[in-house]
Amino acid sequence: MNAVKLTSTLTFRLGTLGAVLTDRFSARLAAHDLKPKHVGLLAVLDSGAAASQLDVARIMNVAPSLVVSLADRLEELGAVRRERDPADRRRQVLTLTAEGRDLLAACARAAAELDAELLEGLDQDGAETLRATLGTLARRTGLPAD
C-alpha cells in the first residue's frame with residue numbers, strides 16, 4: 001500500500017490555504033476594526049436567513065454568547081440595530097443598517113481583491129472550475145455556496 005503524503009491531501013491543502021486567506025482577509029478587515037466573524041454576522045443578516053441572535057448563532061454554528069459580543073461591536077459601529085421582538089419580548093432581533101450594508105460591501109470588495117490574487121495565473125476555465133467545485137463542496141457540507 002502506498003503511503004499518503006499529508007501535504008498532497010485536499011484536507012491539508014484546503015486547510016492551509018484557508019488559514020492563509022483568513023489571515024490576509026483579517027488584515028484587510030482590520031482597517032474597518034472588524035474580524036471575519038463580524039462579517040459573517042453581517043452576511044447572515046443581509047441574506048435574510050435569520051434575524052434573532054439565537055437563529056444567527058445556529059446558522060453561524062457559534063455560541064449565542066459570541067453573537068452577543070459580535071453584535072455589541074457592530075452596534076457600536078452603527079452597522080446593526082438590536083431590538084426586542086414585539087411578538088416575543090425575550091427575543092433580540094438584529095437588523096442590518098445602511099451603514100452595515102456599506103460596511104458589508106467594503107468587506108466584499110476586500111474579499112474580491114483576495115479572490116483575484118488567489119486566481120492570478122489561472123485561466124478563466126480553471127477559475128470557473130475551482131469556483132464550481134468549491135461551491136459543490138460547500139453545499140454538501142451545509143455551507144452557503146452562492
# chains A, B, ... in the order shown; residues from 1 in each chain; ligands from 1

$ closest_atom_pairs --of "segment 60-113 of chain A" --to "segment 28-44 of chain A" --cutoff "10 Å" --atoms "only C-alpha atoms" --output "JSON lines"
{"residue": "A:Met60", "atom": "CA", "partner": "A:Gly40", "partner_atom": "CA", "distance": 7.4}
{"residue": "A:Val62", "atom": "CA", "partner": "A:Lys37", "partner_atom": "CA", "distance": 9.6}
{"residue": "A:Leu66", "atom": "CA", "partner": "A:Lys37", "partner_atom": "CA", "distance": 9.2}
{"residue": "A:Val67", "atom": "CA", "partner": "A:Leu41", "partner_atom": "CA", "distance": 7.7}
{"residue": "A:Ser69", "atom": "CA", "partner": "A:His38", "partner_atom": "CA", "distance": 9.5}
{"residue": "A:Leu70", "atom": "CA", "partner": "A:His38", "partner_atom": "CA", "distance": 5.8}
{"residue": "A:Ala71", "atom": "CA", "partner": "A:His38", "partner_atom": "CA", "distance": 7.8}
{"residue": "A:Arg73", "atom": "CA", "partner": "A:His38", "partner_atom": "CA", "distance": 8.3}
{"residue": "A:Leu74", "atom": "CA", "partner": "A:His38", "partner_atom": "CA", "distance": 7.3}
{"residue": "A:Leu77", "atom": "CA", "partner": "A:Asp33", "partner_atom": "CA", "distance": 9.1}
{"residue": "A:Ala79", "atom": "CA", "partner": "A:Leu42", "partner_atom": "CA", "distance": 8.1}
{"residue": "A:Val80", "atom": "CA", "partner": "A:Leu42", "partner_atom": "CA", "distance": 8.1}
{"residue": "A:Leu94", "atom": "CA", "partner": "A:Leu42", "partner_atom": "CA", "distance": 9.7}
{"residue": "A:Thr95", "atom": "CA", "partner": "A:Leu42", "partner_atom": "CA", "distance": 9.2}
{"residue": "A:Leu96", "atom": "CA", "partner": "A:Leu42", "partner_atom": "CA", "distance": 7.0}
{"residue": "A:Thr97", "atom": "CA", "partner": "A:Leu42", "partner_atom": "CA", "distance": 9.8}
{"residue": "A:Gly100", "atom": "CA", "partner": "A:Leu42", "partner_atom": "CA", "distance": 7.1}
{"residue": "A:Arg101", "atom": "CA", "partner": "A:Leu42", "partner_atom": "CA", "distance": 7.9}
{"residue": "A:Leu103", "atom": "CA", "partner": "A:His32", "partner_atom": "CA", "distance": 8.0}
{"residue": "A:Leu104", "atom": "CA", "partner": "A:Leu42", "partner_atom": "CA", "distance": 6.5}
{"residue": "A:Ala105", "atom": "CA", "partner": "A:Ala43", "partner_atom": "CA", "distance": 9.8}
{"residue": "A:Ala106", "atom": "CA", "partner": "A:His32", "partner_atom": "CA", "distance": 8.9}
{"residue": "A:Cys107", "atom": "CA", "partner": "A:Leu29", "partner_atom": "CA", "distance": 6.8}
{"residue": "A:Ala108", "atom": "CA", "partner": "A:Val39", "partner_atom": "CA", "distance": 9.0}
{"residue": "A:Ala110", "atom": "CA", "partner": "A:Arg28", "partner_atom": "CA", "distance": 6.6}
{"residue": "A:Ala111", "atom": "CA", "partner": "A:Arg28", "partner_atom": "CA", "distance": 8.7}

$ select_by_dssp --residues "chain A" --states "helix (DSSP H, G or I)" --output "JSON, numbers by chain"
{"A": [6, 7, 8, 10, 11, 12, 13, 14, 15, 16, 17, 18, 19, 20, 21, 22, 23, 24, 25, 26, 27, 28, 29, 30, 31, 32, 36, 37, 38, 39, 40, 41, 42, 43, 44, 45, 46, 47, 53, 54, 55, 56, 57, 58, 59, 60, 64, 65, 66, 67, 68, 69, 70, 71, 72, 73, 74, 75, 76, 98, 99, 100, 101, 102, 103, 104, 105, 106, 107, 108, 109, 110, 111, 112, 113, 114, 115, 116, 117, 118, 119, 124, 125, 126, 127, 128, 129, 130, 131, 132, 133, 134, 135, 136, 137, 138, 139, 140]}

$ atom_distance --atom1 "atom CA of Glu128 of chain A" --atom2 "atom CA of Arg24 of chain A"
22.2 Å

$ residues_around --residues "segment 89-91 of chain A" --least-positions-apart "6" --cutoff "10 Å" --atoms "only C-alpha atoms" --output "ChimeraX atom specification"
/A:51-54,83

$ select_by_dssp --residues "segment 12-113 of chain A" --states "strand (DSSP E)" --output "NGL selection string"
:A and (80-85 or 88-96)

$ residues_around --residues "Leu143 of chain A" --least-positions-apart "6" --cutoff "10 Å" --atoms "only C-alpha atoms" --output "ChimeraX atom specification"
/A:59-60,135-137

$ write_last_selection --atoms "C-alpha atoms" --output "PDB file, in the first residue's frame"
ATOM      1  CA  ILE A  59     -26.614  29.444  11.272  1.00  0.00           C
ATOM      2  CA  MET A  60     -23.064  30.587  12.053  1.00  0.00           C
ATOM      3  CA  GLY A 135     -19.456  25.584  -4.385  1.00  0.00           C
ATOM      4  CA  THR A 136     -20.381  21.908  -4.645  1.00  0.00           C
ATOM      5  CA  LEU A 137     -18.233  21.013  -1.638  1.00  0.00           C
TER       6      LEU A 137
END
